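**Student:** Dropping a structure here in structure tokens format, bear with me for questions.
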Amino acid sequence: MKKLLILQMRPEDEPTESEFDTIVRLGEIDKDLVHRIRVEKGEEPDVDLDNYFAIIAGGSPFDVSSPPEKKSDAQKKVESFFNQLFNKVVQNDFPFLGACSGNGLLGNYLGSKISGTYGEPIGTVMIQITQAGEKDDLLAGLPSPFRAFVGHKEACDTLPPNAVLLATSATCPVQMFRIKNNIYATQFHPEADEGEYVVRIRAYKHYGYFPPEEADTLLREIRGVKTPYSHEILRRFVAKYKSKTSF
């Protein structure tokens with residue numbers, strides 16, 4: 001039986017485990033159908049797409065736009081892994097959903113400039129669905145705008161060549177795009193909820209996303225925040241592909 005491949009790239013164990021658990025829970029995924037790889041550890045670098053029905057890639061503290069000399073060995077492993085993976089994913093139009101770092105890695109691979117121009121502080125923003133997005137299976141019928149969690153120091157400056165813009169926001173023009181029919185990327189976090197962001201705020205307090213002294217304020221600001229429609233995107237992605245065997 002084909003499985004869902006979840007790719008993670010956070011060197012920190014606590015947010016990695018929290019992210020994995022949240023993807024599985026909000027995506028309504030049977031853990032028996034999941035194969036998980038922590039890419040930053042150099043695990044299983046060669047992925048055989050025939051073993052999977054889809055791929056989900058999570059976030060990380062790595063910035064694609066960082067100068068090469070500032071990139072750690074772990075980050076270099078991640079970028080090399082994804083460039084090799086995208087050679088196969090894009091050629092085969094293989095179902096892929098990349099969130100935040102997954103978005104930046106895919107955008108960079110496709111030729112978009114990645115920079116800090118459209119970085120967004122940790123919190124939530126209102127996501128506007130485009131006309132093309134209204135016709136896409138992952139977004140059709142959802143309210144526009146809808147609220148989603150964000151928190152990133154870099155983003156795509158422009159839409160990748162040949163991509164379809166599915167969602168945008170006032171602070172970041174490329175919030176979600178699609179390549180071909182089955183390859184998706186979101187700058188926002190469809191897998192995140194309040195509990196997950198509590199873990200991330202505490203774990204990344206000293207990583208430059210926000211002044212450390214503002215951590216308690218951020219924790220108060222996200223208290224009680226619900227983002228059901230962004231979660232629906234994740235759930236729909238999994239549901240759309242889990243019963244298919246060819247694309």
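Naming scheme: A, B, ... for chains in displayed order of the structure tokens; residues 1 onward per chain; ligands 1 onward as shown.
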Could you name the residues that touch Arg178 (chain A) at 9 Å or less, counting only C-alpha atoms, but leaving out those on the same chain fewer than 5 positions away, as a ChimeraX atom specification?

**Tutor:** /A:162-166,183-185

**Student:** Any chance you could list, as a PyMOL selection string, the residues in region 56-217 of chain A that come up strand (DSSP E or B) when DSSP is run on the backbone?

**Tutor:** chain A and resi 56-57+96-99+114-115+120-129+146-152+155-156+163-168+176-179+183-186+189

**Student:** Out of A:Asn181, A:Thr227, A:Gln128, A:Thr186, which residue has the shortest atom-to-atom distance to Thr168 (chain A) when counting only C-alpha atoms?

**Tutor:**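 Ranked by minimum distance to Thr168 (chain A), first place goes to A:Gln128.
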
**Student:** Could you pull out the alpha helix (DSSP H) residues of region 23-188 of chain A, going by DSSP on the backbone, and write them as an MDAnalysis selection string?

**Tutor:** chainID A and resid 23:26 73:92 101:110 131:134

**Student:** With only C-alpha atoms counted and 10 Å as the cut-off, give the residues of region 113-180 of chain A in contact with region 65-70 of chain A, each with its shortest interatomic distance in Å and the pair that gives it, as a Markdown table.

**Tutor:**
```
| residue | atom | partner | partner_atom | distance |
| --- | --- | --- | --- | --- |
| A:Lys113 | CA | A:Ser65 | CA | 8.5 |
| A:Ile114 | CA | A:Ser65 | CA | 5.8 |
| A:Ser115 | CA | A:Ser65 | CA | 5.8 |
| A:Gly116 | CA | A:Ser65 | CA | 8.0 |
| A:Lys153 | CA | A:Ser65 | CA | 9.6 |
| A:Glu154 | CA | A:Ser65 | CA | 7.4 |
| A:Ala155 | CA | A:Ser65 | CA | 9.1 |
```

**Student:** When distances are computed from only C-alpha atoms, which of A:Lys2, A:Arg36, A:Lys180, A:Lys88 shows the smallest separation from Asp21 (chain A)?

**Tutor:**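 Closest to Asp21 (chain A) of all the choices is A:Arg36.
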
**Student:** Counting only C-alpha atoms, what are the residues of region 5-72 of chain A within 8 Å of region 198-219 of chain A, and for each of them which pair of atoms is the nearest and at what distance in Å, to one decimal? Sort the table by chain and rising number, as JSON lines.

**Tutor:**
```
{"residue": "A:Glu12", "atom": "CA", "partner": "A:Ala203", "partner_atom": "CA", "distance": 7.8}
{"residue": "A:Glu14", "atom": "CA", "partner": "A:Val199", "partner_atom": "CA", "distance": 7.5}
{"residue": "A:Pro15", "atom": "CA", "partner": "A:Arg200", "partner_atom": "CA", "distance": 5.9}
{"residue": "A:Ser18", "atom": "CA", "partner": "A:Val199", "partner_atom": "CA", "distance": 7.3}
{"residue": "A:Pro61", "atom": "CA", "partner": "A:Tyr207", "partner_atom": "CA", "distance": 7.7}
```

**Student:** Which residues of region 23-109 of chain A come within 12 Å of region 140-150 of chain A, and what is each one's closest atom pair and distance in Å (one decimal), counting only C-alpha atoms, sorted by chain and residue number, as CSV?

**Tutor:**
```
residue,atom,partner,partner_atom,distance
A:Gly59,CA,A:Val150,CA,10.8
A:Ala99,CA,A:Val150,CA,10.1
A:Cys100,CA,A:Val150,CA,8.2
A:Ser101,CA,A:Val150,CA,11.4
```

**Student:** Write out the residues from the selection above, keeping C-alpha atoms, as a PDB file, in the first residue's frame.

**Tutor:**
```pdb
ATOM      1  CA  GLY A  59       8.792  24.266   7.861  1.00  0.00           C
ATOM      2  CA  ALA A  99       4.386  24.800   3.747  1.00  0.00           C
ATOM      3  CA  CYS A 100       6.575  27.826   4.534  1.00  0.00           C
ATOM      4  CA  SER A 101      10.081  26.402   4.026  1.00  0.00           C
TER       5      SER A 101
END
```
